[in-house]
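Colleague: Below is input_34.txt; it holds compact mmCIF, N, CA, C and O atoms.
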```txt
# COMPACT_ATOMS: atom_id res chain seq x y z
N GLY L 14 177.99 88.81 -211.32
CA GLY L 14 179.38 88.98 -211.22
C GLY L 14 180.05 89.07 -212.57
O GLY L 14 179.49 89.53 -213.57
N TYR L 15 181.27 88.64 -212.56
CA TYR L 15 182.14 88.72 -213.73
C TYR L 15 181.57 87.96 -214.93
O TYR L 15 181.58 88.46 -216.05
N ALA L 16 181.04 86.77 -214.68
CA ALA L 16 180.51 85.95 -215.78
C ALA L 16 179.32 86.61 -216.46
O ALA L 16 179.13 86.47 -217.67
N VAL L 17 178.53 87.33 -215.71
CA VAL L 17 177.37 88.02 -216.28
C VAL L 17 177.81 89.27 -217.03
O VAL L 17 177.31 89.58 -218.11
N ALA L 18 178.76 89.99 -216.48
CA ALA L 18 179.21 91.25 -217.07
C ALA L 18 180.11 91.04 -218.28
O ALA L 18 180.13 91.88 -219.19
N TYR L 19 180.84 89.92 -218.34
CA TYR L 19 181.86 89.71 -219.37
C TYR L 19 181.34 89.89 -220.80
O TYR L 19 181.96 90.61 -221.58
N PRO L 20 180.23 89.27 -221.20
CA PRO L 20 179.80 89.44 -222.59
C PRO L 20 179.47 90.89 -222.94
O PRO L 20 179.70 91.33 -224.06
N PHE L 21 178.95 91.62 -221.98
CA PHE L 21 178.63 93.02 -222.24
C PHE L 21 179.90 93.87 -222.35
O PHE L 21 180.00 94.72 -223.22
N VAL L 22 180.86 93.61 -221.47
CA VAL L 22 182.13 94.33 -221.53
C VAL L 22 182.85 94.01 -222.84
O VAL L 22 183.39 94.89 -223.50
N GLU L 23 182.82 92.75 -223.23
CA GLU L 23 183.45 92.34 -224.49
C GLU L 23 182.76 92.99 -225.68
O GLU L 23 183.42 93.47 -226.61
N GLY L 24 181.45 93.03 -225.67
CA GLY L 24 180.71 93.67 -226.75
C GLY L 24 180.97 95.17 -226.84
O GLY L 24 181.17 95.71 -227.94
N LEU L 25 180.97 95.84 -225.70
CA LEU L 25 181.27 97.28 -225.69
C LEU L 25 182.70 97.55 -226.12
O LEU L 25 182.97 98.54 -226.80
N THR L 26 183.61 96.66 -225.75
CA THR L 26 185.00 96.80 -226.18
C THR L 26 185.09 96.69 -227.70
O THR L 26 185.78 97.47 -228.35
N GLY L 27 184.38 95.73 -228.27
CA GLY L 27 184.35 95.58 -229.72
C GLY L 27 183.80 96.81 -230.42
O GLY L 27 184.35 97.26 -231.43
N CYS L 28 182.73 97.38 -229.88
CA CYS L 28 182.18 98.61 -230.45
C CYS L 28 183.18 99.75 -230.32
O CYS L 28 183.32 100.56 -231.25
N GLY L 29 183.86 99.83 -229.19
CA GLY L 29 184.87 100.87 -228.99
C GLY L 29 186.03 100.75 -229.96
O GLY L 29 186.61 101.75 -230.37
N LEU L 30 186.36 99.51 -230.35
CA LEU L 30 187.45 99.30 -231.31
C LEU L 30 187.08 99.83 -232.70
O LEU L 30 187.97 100.15 -233.50
N LEU L 31 185.81 99.90 -233.00
CA LEU L 31 185.37 100.36 -234.31
C LEU L 31 185.43 101.88 -234.47
O LEU L 31 185.41 102.38 -235.58
N LEU L 32 185.47 102.60 -233.37
CA LEU L 32 185.46 104.06 -233.41
C LEU L 32 186.85 104.60 -233.11
O LEU L 32 187.42 104.33 -232.06
N ALA L 33 187.40 105.38 -234.03
CA ALA L 33 188.77 105.89 -233.88
C ALA L 33 189.00 106.64 -232.57
O ALA L 33 190.03 106.43 -231.94
N PRO L 34 188.08 107.50 -232.11
CA PRO L 34 188.38 108.24 -230.87
C PRO L 34 188.51 107.34 -229.63
O PRO L 34 189.19 107.69 -228.68
N THR L 35 187.86 106.19 -229.64
CA THR L 35 187.90 105.31 -228.46
C THR L 35 188.71 104.04 -228.68
O THR L 35 188.85 103.24 -227.76
N ALA L 36 189.25 103.85 -229.87
CA ALA L 36 189.90 102.59 -230.22
C ALA L 36 191.10 102.27 -229.33
O ALA L 36 191.28 101.13 -228.91
N ARG L 37 191.91 103.25 -229.03
CA ARG L 37 193.10 102.98 -228.23
C ARG L 37 192.72 102.57 -226.80
O ARG L 37 193.32 101.66 -226.23
N TYR L 38 191.71 103.19 -226.23
CA TYR L 38 191.25 102.81 -224.89
C TYR L 38 190.61 101.42 -224.91
O TYR L 38 190.85 100.60 -224.03
N ALA L 39 189.80 101.18 -225.93
CA ALA L 39 189.15 99.87 -226.06
C ALA L 39 190.20 98.79 -226.27
O ALA L 39 190.03 97.66 -225.79
N ALA L 40 191.26 99.11 -227.00
CA ALA L 40 192.33 98.13 -227.21
C ALA L 40 193.00 97.76 -225.90
O ALA L 40 193.34 96.60 -225.68
N GLY L 41 193.17 98.73 -225.02
CA GLY L 41 193.72 98.43 -223.70
C GLY L 41 192.82 97.50 -222.91
O GLY L 41 193.29 96.57 -222.25
N VAL L 42 191.52 97.72 -223.01
CA VAL L 42 190.55 96.83 -222.35
C VAL L 42 190.61 95.44 -222.98
O VAL L 42 190.54 94.43 -222.29
N ALA L 43 190.76 95.39 -224.31
CA ALA L 43 190.85 94.10 -225.01
C ALA L 43 192.07 93.31 -224.54
O ALA L 43 191.99 92.09 -224.35
N VAL L 44 193.18 93.99 -224.34
CA VAL L 44 194.39 93.33 -223.84
C VAL L 44 194.12 92.75 -222.45
O VAL L 44 194.45 91.59 -222.17
N LEU L 45 193.49 93.53 -221.61
CA LEU L 45 193.17 93.07 -220.26
C LEU L 45 192.21 91.88 -220.28
O LEU L 45 192.44 90.88 -219.61
N LEU L 46 191.15 91.98 -221.08
CA LEU L 46 190.19 90.87 -221.17
C LEU L 46 190.85 89.60 -221.72
O LEU L 46 190.61 88.51 -221.20
N GLY L 47 191.64 89.75 -222.77
CA GLY L 47 192.31 88.59 -223.35
C GLY L 47 193.30 87.95 -222.40
O GLY L 47 193.38 86.72 -222.30
N ALA L 48 194.05 88.77 -221.67
CA ALA L 48 195.02 88.24 -220.73
C ALA L 48 194.32 87.51 -219.57
O ALA L 48 194.72 86.40 -219.20
N LEU L 49 193.28 88.12 -219.02
CA LEU L 49 192.54 87.47 -217.93
C LEU L 49 191.88 86.18 -218.40
O LEU L 49 191.91 85.16 -217.71
N GLY L 50 191.28 86.22 -219.59
CA GLY L 50 190.65 85.02 -220.14
C GLY L 50 191.66 83.92 -220.40
O GLY L 50 191.42 82.75 -220.09
N GLY L 51 192.79 84.28 -220.97
CA GLY L 51 193.84 83.30 -221.24
C GLY L 51 194.39 82.67 -219.98
O GLY L 51 194.57 81.45 -219.90
N LEU L 52 194.64 83.51 -218.98
CA LEU L 52 195.13 82.97 -217.70
C LEU L 52 194.10 82.07 -217.04
O LEU L 52 194.45 81.04 -216.45
N SER L 53 192.84 82.42 -217.16
CA SER L 53 191.77 81.58 -216.59
C SER L 53 191.72 80.22 -217.28
O SER L 53 191.53 79.20 -216.61
N ILE L 54 191.89 80.21 -218.59
CA ILE L 54 191.87 78.94 -219.33
C ILE L 54 193.07 78.09 -218.94
O ILE L 54 192.93 76.89 -218.68
N VAL L 55 194.24 78.69 -218.89
CA VAL L 55 195.45 77.94 -218.51
C VAL L 55 195.28 77.35 -217.12
O VAL L 55 195.56 76.17 -216.89
N ARG L 56 194.79 78.15 -216.19
CA ARG L 56 194.63 77.69 -214.81
C ARG L 56 193.61 76.56 -214.71
O ARG L 56 193.86 75.54 -214.08
N ALA L 57 192.44 76.74 -215.33
CA ALA L 57 191.37 75.75 -215.20
C ALA L 57 191.65 74.46 -215.97
O ALA L 57 191.47 73.37 -215.44
N VAL L 58 192.09 74.59 -217.21
CA VAL L 58 192.20 73.43 -218.09
C VAL L 58 193.57 72.76 -217.99
O VAL L 58 193.66 71.54 -217.84
N PHE L 59 194.62 73.55 -218.08
CA PHE L 59 195.95 72.96 -218.18
C PHE L 59 196.62 72.71 -216.83
O PHE L 59 197.45 71.83 -216.71
N ILE L 60 196.27 73.49 -215.82
CA ILE L 60 196.86 73.29 -214.49
C ILE L 60 195.97 72.39 -213.63
O ILE L 60 196.44 71.41 -213.06
N ARG L 61 194.69 72.73 -213.56
CA ARG L 61 193.77 71.94 -212.72
C ARG L 61 193.20 70.72 -213.43
O ARG L 61 192.61 69.86 -212.80
N GLY L 62 193.32 70.67 -214.75
CA GLY L 62 192.84 69.51 -215.51
C GLY L 62 191.33 69.39 -215.61
O GLY L 62 190.81 68.30 -215.83
N ARG L 63 190.62 70.49 -215.51
CA ARG L 63 189.16 70.45 -215.58
C ARG L 63 188.70 70.26 -217.02
O ARG L 63 189.32 70.77 -217.95
N GLN L 64 187.64 69.54 -217.21
CA GLN L 64 187.03 69.32 -218.52
C GLN L 64 185.85 70.27 -218.66
O GLN L 64 184.76 69.98 -218.19
N LEU L 65 186.07 71.41 -219.29
CA LEU L 65 185.04 72.43 -219.42
C LEU L 65 184.68 72.61 -220.88
O LEU L 65 185.47 72.32 -221.77
N GLU L 66 183.47 73.10 -221.11
CA GLU L 66 183.04 73.42 -222.46
C GLU L 66 183.01 74.93 -222.63
O GLU L 66 182.71 75.67 -221.69
N CYS L 67 183.32 75.38 -223.82
CA CYS L 67 183.33 76.79 -224.13
C CYS L 67 181.92 77.35 -223.95
O CYS L 67 180.94 76.72 -224.35
N ALA L 68 181.81 78.53 -223.38
CA ALA L 68 180.50 79.14 -223.14
C ALA L 68 180.07 80.05 -224.28
O ALA L 68 179.10 80.79 -224.14
N SER L 69 180.75 79.99 -225.41
CA SER L 69 180.36 80.82 -226.55
C SER L 69 178.97 80.44 -227.03
O SER L 69 178.51 79.32 -226.85
N ILE L 70 178.31 81.39 -227.63
CA ILE L 70 176.96 81.21 -228.17
C ILE L 70 176.01 80.75 -227.06
O ILE L 70 175.23 79.83 -227.21
N GLY L 71 176.12 81.40 -225.93
CA GLY L 71 175.20 81.11 -224.83
C GLY L 71 175.41 79.76 -224.19
O GLY L 71 174.54 79.24 -223.50
N GLY L 72 176.58 79.16 -224.37
CA GLY L 72 176.87 77.87 -223.77
C GLY L 72 176.28 76.70 -224.53
O GLY L 72 176.27 75.57 -224.06
N ARG L 73 175.78 76.93 -225.74
CA ARG L 73 175.16 75.85 -226.52
C ARG L 73 176.14 75.08 -227.39
O ARG L 73 175.79 74.11 -228.02
N SER L 74 177.38 75.55 -227.43
CA SER L 74 178.37 74.84 -228.24
C SER L 74 178.93 73.66 -227.45
O SER L 74 178.88 73.63 -226.24
N ARG L 75 179.46 72.68 -228.15
CA ARG L 75 180.07 71.51 -227.51
C ARG L 75 181.57 71.53 -227.65
O ARG L 75 182.22 70.51 -227.56
N LEU L 76 182.13 72.71 -227.89
CA LEU L 76 183.57 72.86 -228.06
C LEU L 76 184.25 72.80 -226.70
O LEU L 76 183.92 73.57 -225.80
N PRO L 77 185.17 71.86 -226.51
CA PRO L 77 185.87 71.82 -225.22
C PRO L 77 186.77 73.05 -225.05
O PRO L 77 187.37 73.52 -226.01
N LEU L 78 186.81 73.55 -223.85
CA LEU L 78 187.67 74.68 -223.55
C LEU L 78 189.11 74.20 -223.58
O LEU L 78 189.45 73.21 -222.94
N GLY L 79 189.94 74.85 -224.34
CA GLY L 79 191.33 74.41 -224.47
C GLY L 79 192.09 75.29 -225.42
O GLY L 79 192.00 76.51 -225.36
N PHE L 80 192.81 74.66 -226.36
CA PHE L 80 193.70 75.40 -227.24
C PHE L 80 192.96 76.37 -228.15
O PHE L 80 193.46 77.47 -228.41
N VAL L 81 191.78 76.02 -228.64
CA VAL L 81 191.03 76.93 -229.52
C VAL L 81 190.64 78.18 -228.74
O VAL L 81 190.82 79.31 -229.22
N SER L 82 190.13 78.00 -227.55
CA SER L 82 189.74 79.15 -226.72
C SER L 82 190.96 79.97 -226.31
O SER L 82 190.91 81.20 -226.27
N LEU L 83 192.05 79.30 -226.01
CA LEU L 83 193.28 79.99 -225.65
C LEU L 83 193.81 80.80 -226.83
O LEU L 83 194.25 81.94 -226.67
N PHE L 84 193.73 80.23 -228.03
CA PHE L 84 194.15 80.93 -229.24
C PHE L 84 193.27 82.17 -229.46
O PHE L 84 193.76 83.23 -229.86
N ASN L 85 191.98 82.06 -229.19
CA ASN L 85 191.07 83.19 -229.31
C ASN L 85 191.48 84.32 -228.37
O ASN L 85 191.53 85.49 -228.76
N GLN L 86 191.81 83.99 -227.14
CA GLN L 86 192.22 85.00 -226.16
C GLN L 86 193.57 85.61 -226.56
O GLN L 86 193.77 86.81 -226.41
N ALA L 87 194.47 84.79 -227.07
CA ALA L 87 195.77 85.29 -227.52
C ALA L 87 195.59 86.27 -228.68
O ALA L 87 196.30 87.28 -228.78
N GLY L 88 194.65 85.98 -229.57
CA GLY L 88 194.35 86.89 -230.67
C GLY L 88 193.82 88.22 -230.18
O GLY L 88 194.17 89.28 -230.70
N LEU L 89 192.98 88.19 -229.16
CA LEU L 89 192.46 89.41 -228.56
C LEU L 89 193.59 90.26 -227.98
O LEU L 89 193.64 91.47 -228.19
N VAL L 90 194.52 89.62 -227.30
CA VAL L 90 195.68 90.32 -226.74
C VAL L 90 196.54 90.89 -227.88
O VAL L 90 196.95 92.05 -227.82
N ALA L 91 196.79 90.10 -228.90
CA ALA L 91 197.65 90.54 -230.01
C ALA L 91 197.07 91.74 -230.74
O ALA L 91 197.77 92.71 -231.02
N VAL L 92 195.78 91.70 -231.05
CA VAL L 92 195.14 92.82 -231.74
C VAL L 92 195.14 94.06 -230.85
O VAL L 92 195.42 95.17 -231.31
N GLY L 93 194.85 93.86 -229.57
CA GLY L 93 194.87 94.99 -228.65
C GLY L 93 196.23 95.63 -228.56
O GLY L 93 196.37 96.86 -228.61
N LEU L 94 197.28 94.80 -228.44
CA LEU L 94 198.64 95.34 -228.37
C LEU L 94 199.03 96.03 -229.67
O LEU L 94 199.69 97.07 -229.66
N TRP L 95 198.63 95.46 -230.79
CA TRP L 95 198.93 96.07 -232.09
C TRP L 95 198.32 97.46 -232.18
O TRP L 95 198.95 98.40 -232.63
N LEU L 96 197.09 97.59 -231.71
CA LEU L 96 196.42 98.89 -231.77
C LEU L 96 197.02 99.88 -230.76
O LEU L 96 197.15 101.07 -231.05
N VAL L 97 197.35 99.40 -229.58
CA VAL L 97 197.90 100.29 -228.56
C VAL L 97 199.31 100.74 -228.92
O VAL L 97 199.65 101.92 -228.81
N LEU L 98 200.14 99.83 -229.39
CA LEU L 98 201.56 100.12 -229.58
C LEU L 98 201.97 100.45 -231.01
O LEU L 98 202.94 101.18 -231.20
N GLY L 99 201.25 99.91 -231.99
CA GLY L 99 201.78 100.00 -233.34
C GLY L 99 200.98 100.75 -234.35
O GLY L 99 201.31 100.73 -235.52
N THR L 100 199.94 101.44 -233.97
CA THR L 100 199.09 102.08 -234.95
C THR L 100 198.89 103.54 -234.59
O THR L 100 198.60 103.88 -233.47
N ASP L 101 199.00 104.40 -235.58
CA ASP L 101 198.69 105.80 -235.39
C ASP L 101 197.21 105.99 -235.73
O ASP L 101 196.81 105.86 -236.88
N LEU L 102 196.40 106.27 -234.74
CA LEU L 102 194.96 106.36 -234.93
C LEU L 102 194.48 107.77 -235.23
O LEU L 102 193.29 108.03 -235.33
N THR L 103 195.40 108.71 -235.39
CA THR L 103 194.99 110.10 -235.64
C THR L 103 194.89 110.40 -237.10
O THR L 103 195.34 109.72 -237.96
```
Would you write the structure of this file as structure tokens?
Modeller:
Amino acid sequence: GYAVAYPFVEGLTGCGLLLAPTARYAAGVAVLLGALGGLSIVRAVFIRGRQLECASIGGRSRLPLGFVSLFNQAGLVAVGLWLVLGTDLT
């Protein structure tokens, strides 16, 4: 499902951001991924009060899911919006 596909979609999005012809489309995907990830963190951690660990680096990190992860997702949204709305890629 989504959890299995997410790292691959995120990786392909990152590769797409590096190439000018696909950067604007990849930026749109980055905005979507960041928004969904951010909403998931808010729902799980801040609304439901779950104590989760970040799954970065294959789940081997001991970083609690929270503000750091939320900031990461917000950065993904911000960069995506900057590329979609504020940059001439031609």
Colleague: Interatomic distance between CA of Val55 (chain L) and CA of Arg75 (chain L)?
Modeller: 18.9 Å
Colleague: Could you list, as an MDAnalysis selection string, every residue within 8 Å of region 23-37 of chain L, counting all atoms listed in the file and ignoring same-chain residues fewer than 2 positions away?
Modeller: chainID L and resid 18:21 39:44 46 92:93 96:98 100 102:103
Colleague: How many Å separate atom O of Arg61 (chain L) from atom O of Ala91 (chain L)?
Modeller: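 Taking atom O of Arg61 (chain L) and atom O of Ala91 (chain L), their separation equals 29.7 Å.
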Colleague: With only C-alpha atoms counted and 7 Å as the cut-off, give the residues of region 15-72 of chain L in contact with region 80-89 of chain L, each with its shortest interatomic distance in Å and the pair that gives it, as JSON lines.
Modeller:
```
{"residue": "L:Ala43", "atom": "CA", "partner": "L:Leu89", "partner_atom": "CA", "distance": 6.1}
{"residue": "L:Val44", "atom": "CA", "partner": "L:Leu89", "partner_atom": "CA", "distance": 6.4}
{"residue": "L:Gly47", "atom": "CA", "partner": "L:Gln86", "partner_atom": "CA", "distance": 4.6}
{"residue": "L:Ala48", "atom": "CA", "partner": "L:Gln86", "partner_atom": "CA", "distance": 6.9}
{"residue": "L:Gly50", "atom": "CA", "partner": "L:Gln86", "partner_atom": "CA", "distance": 6.2}
{"residue": "L:Gly51", "atom": "CA", "partner": "L:Gln86", "partner_atom": "CA", "distance": 5.5}
{"residue": "L:Ile54", "atom": "CA", "partner": "L:Leu83", "partner_atom": "CA", "distance": 6.6}
```
Colleague: Could you tell me how far atom N of Leu76 (chain L) sits from atom N of Gly62 (chain L), in Å to one decimal place?
Modeller: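 Taking atom N of Gly62 (chain L) and atom N of Leu76 (chain L), their separation equals 17.4 Å.
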Colleague: How would region 20-102 of chain L of the given structure read as a file with C-alpha atoms, as an mmCIF file, in the first residue's frame?
Modeller:
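To be explicit, this is the file written out as out-v2.cif:
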```
data_model
loop_
_atom_site.group_PDB
_atom_site.id
_atom_site.type_symbol
_atom_site.label_atom_id
_atom_site.label_comp_id
_atom_site.auth_asym_id
_atom_site.auth_seq_id
_atom_site.Cartn_x
_atom_site.Cartn_y
_atom_site.Cartn_z
ATOM 1 C CA PRO L 20 9.647 6.048 -0.313
ATOM 2 C CA PHE L 21 9.730 5.259 -4.015
ATOM 3 C CA VAL L 22 7.317 8.062 -4.895
ATOM 4 C CA GLU L 23 9.336 10.453 -2.739
ATOM 5 C CA GLY L 24 12.593 9.354 -4.376
ATOM 6 C CA LEU L 25 11.201 9.699 -7.893
ATOM 7 C CA THR L 26 9.813 13.110 -6.970
ATOM 8 C CA GLY L 27 13.268 14.176 -5.801
ATOM 9 C CA CYS L 28 14.814 12.988 -9.071
ATOM 10 C CA GLY L 29 12.104 14.827 -10.998
ATOM 11 C CA LEU L 30 12.922 18.029 -9.117
ATOM 12 C CA LEU L 31 16.501 17.848 -10.394
ATOM 13 C CA LEU L 32 15.479 17.871 -14.058
ATOM 14 C CA ALA L 33 14.157 21.156 -15.473
ATOM 15 C CA PRO L 34 11.611 19.586 -17.880
ATOM 16 C CA THR L 35 9.912 17.657 -15.052
ATOM 17 C CA ALA L 36 10.591 19.958 -12.089
ATOM 18 C CA ARG L 37 7.263 21.773 -12.114
ATOM 19 C CA TYR L 38 5.292 18.501 -12.189
ATOM 20 C CA ALA L 39 7.492 16.957 -9.520
ATOM 21 C CA ALA L 40 7.024 20.078 -7.402
ATOM 22 C CA GLY L 41 3.270 19.563 -7.557
ATOM 23 C CA VAL L 42 3.741 15.995 -6.357
ATOM 24 C CA ALA L 43 6.048 17.278 -3.593
ATOM 25 C CA VAL L 44 3.329 19.664 -2.407
ATOM 26 C CA LEU L 45 0.832 16.806 -2.330
ATOM 27 C CA LEU L 46 3.214 14.457 -0.496
ATOM 28 C CA GLY L 47 4.183 17.117 2.040
ATOM 29 C CA ALA L 48 0.583 18.109 2.694
ATOM 30 C CA LEU L 49 -0.580 14.504 3.141
ATOM 31 C CA GLY L 50 2.396 13.703 5.356
ATOM 32 C CA GLY L 51 1.879 16.811 7.461
ATOM 33 C CA LEU L 52 -1.817 16.134 7.908
ATOM 34 C CA SER L 53 -1.051 12.539 8.876
ATOM 35 C CA ILE L 54 1.418 13.699 11.531
ATOM 36 C CA VAL L 55 -1.008 16.261 12.947
ATOM 37 C CA ARG L 56 -3.803 13.693 13.069
ATOM 38 C CA ALA L 57 -1.756 10.866 14.604
ATOM 39 C CA VAL L 58 0.464 12.765 17.037
ATOM 40 C CA PHE L 59 -1.281 15.990 17.955
ATOM 41 C CA ILE L 60 -4.949 14.986 17.709
ATOM 42 C CA ARG L 61 -4.887 11.296 18.654
ATOM 43 C CA GLY L 62 -1.879 11.620 20.979
ATOM 44 C CA ARG L 63 -0.060 8.583 19.605
ATOM 45 C CA GLN L 64 3.605 8.085 20.499
ATOM 46 C CA LEU L 65 5.204 7.154 17.174
ATOM 47 C CA GLU L 66 8.785 7.043 15.974
ATOM 48 C CA CYS L 67 9.913 8.487 12.676
ATOM 49 C CA ALA L 68 10.318 5.812 10.004
ATOM 50 C CA SER L 69 13.261 7.568 8.345
ATOM 51 C CA ILE L 70 16.329 5.482 7.564
ATOM 52 C CA GLY L 71 14.301 2.301 7.420
ATOM 53 C CA GLY L 72 12.732 2.858 10.832
ATOM 54 C CA ARG L 73 16.066 2.527 12.646
ATOM 55 C CA SER L 74 16.029 6.043 14.054
ATOM 56 C CA ARG L 75 14.733 6.777 17.556
ATOM 57 C CA LEU L 76 13.413 10.216 16.645
ATOM 58 C CA PRO L 77 9.868 10.676 17.929
ATOM 59 C CA LEU L 78 7.378 11.711 15.290
ATOM 60 C CA GLY L 79 6.386 15.285 16.009
ATOM 61 C CA PHE L 80 7.570 18.813 15.330
ATOM 62 C CA VAL L 81 10.780 17.807 13.513
ATOM 63 C CA SER L 82 8.872 15.547 11.133
ATOM 64 C CA LEU L 83 6.151 18.156 10.713
ATOM 65 C CA PHE L 84 8.789 20.788 9.907
ATOM 66 C CA ASN L 85 10.253 18.412 7.301
ATOM 67 C CA GLN L 86 6.857 18.046 5.618
ATOM 68 C CA ALA L 87 6.266 21.805 5.761
ATOM 69 C CA GLY L 88 9.620 22.318 4.029
ATOM 70 C CA LEU L 89 8.592 19.916 1.288
ATOM 71 C CA VAL L 90 5.371 21.884 0.752
ATOM 72 C CA ALA L 91 7.227 25.226 0.803
ATOM 73 C CA VAL L 92 9.850 24.173 -1.757
ATOM 74 C CA GLY L 93 7.180 22.633 -3.960
ATOM 75 C CA LEU L 94 5.062 25.794 -3.863
ATOM 76 C CA TRP L 95 8.110 27.963 -4.520
ATOM 77 C CA LEU L 96 8.915 25.947 -7.626
ATOM 78 C CA VAL L 97 5.332 25.777 -8.864
ATOM 79 C CA LEU L 98 4.419 29.425 -8.245
ATOM 80 C CA GLY L 99 7.580 31.464 -8.068
ATOM 81 C CA THR L 100 10.196 30.167 -10.449
ATOM 82 C CA ASP L 101 10.584 30.446 -14.187
ATOM 83 C CA LEU L 102 11.990 27.065 -15.194
#
```
